[in-house]
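Comments concern the structure below.
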Amino acid sequence: MDSAKVTMKNQNVVTISGLKEIRTTDILGENATTDFSDFALTNHGGDIRFIGDQVFTTNVNQIESILFE
């Protein structure tokens with residue numbers, strides 16, 4: 001798995017290739033993961049940043065789904 005397809009609630013799709021890390025930020029602080037098989041979206045709000053060949057940051061509540069490839 002080295003890429004992610006993020007489908008937003010407005011149906012736009014963003015593809016991040018070369019995915020290296022996902023960082024989430026909420027009221028508890030920032031967390032980072034590189035083990036994408038254990039990653040799950042939560043509805044606690046906050047921001048999510050996908051770091052790969054490009055960096056994509058959005059609010060967790062704007063994401064409909066994530067497909068790791």
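Each chain of the structure tokens is named A, B, ... in the order shown, its residues numbered from 1; ligands are numbered from 1 in display order.
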*Distance query A:Ala32 at most 12 Å, only C-alpha atoms, self and fewer than 5 positions along chain excluded, as number ranges by chain*: A: 20-26, 38-39, 47-51
*Pick out the residues sitting within 9 Å of A:Ile16, and hand them over as a ChimeraX atom specification; count only C-alpha atoms, and ignore anything fewer than 6 positions along from it in its own chain.*
/A:2-6,50-56
*Pick out the closest residue to A:Asn59 from this set: A:Met8, A:Val13, A:Leu28, A:Ala40. Count only C-alpha atoms.*
A:Met8
*Check the DSSP output for the backbone and give back, as a PyMOL selection string, the residues of stretch 11-67 of chain A in strand (DSSP E).*
chain A and resi 13-17+21-26+29-33+47-51+55-59+63-67
Would you mind exporting C-alpha atoms of the selected residues as a compact mmCIF listing (two decimals), in the first residue's frame?
# COMPACT_ATOMS: atom_id res chain seq x y z
CA VAL A 13 -11.51 12.29 -5.12
CA VAL A 14 -7.95 13.10 -4.09
CA THR A 15 -5.18 10.56 -4.75
CA ILE A 16 -2.01 10.68 -2.69
CA SER A 17 0.78 8.57 -4.15
CA GLU A 21 2.57 8.79 6.87
CA ILE A 22 -0.85 9.87 8.10
CA ARG A 23 -1.11 12.44 10.87
CA THR A 24 -4.29 13.22 12.77
CA THR A 25 -4.78 16.20 15.03
CA ASP A 26 -7.61 16.57 17.53
CA GLY A 29 -2.94 16.41 20.19
CA GLU A 30 -1.22 14.98 17.12
CA ASN A 31 -0.81 11.30 16.28
CA ALA A 32 1.12 9.78 13.39
CA THR A 33 0.88 6.33 11.82
CA ASP A 47 -7.67 17.44 10.93
CA ILE A 48 -6.01 14.68 8.98
CA ARG A 49 -2.84 15.06 6.91
CA PHE A 50 -1.70 12.56 4.30
CA ILE A 51 2.03 12.82 3.63
CA VAL A 55 0.74 16.70 1.29
CA PHE A 56 -3.03 16.80 1.61
CA THR A 57 -4.72 18.18 4.72
CA THR A 58 -8.45 18.27 5.42
CA ASN A 59 -10.94 18.02 8.27
CA ILE A 63 -14.05 12.61 4.29
CA GLU A 64 -16.51 10.02 3.01
CA SER A 65 -14.04 7.15 2.57
CA ILE A 66 -10.38 6.20 2.13
CA LEU A 67 -9.15 3.41 -0.13
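From atom CA of A:Gly45 back to atom CA of A:Glu69, the distance works out to 24.8 Å.
For chain A, backbone-based DSSP assignment of helix (DSSP H, G or I) covers Phe36, Ser37, Asp38, Val60, Asn61 and Gln62 of chain A.
Rounded to one decimal, atom CA of A:Leu19 and atom CA of A:Thr7 lie 15.9 Å from each other.
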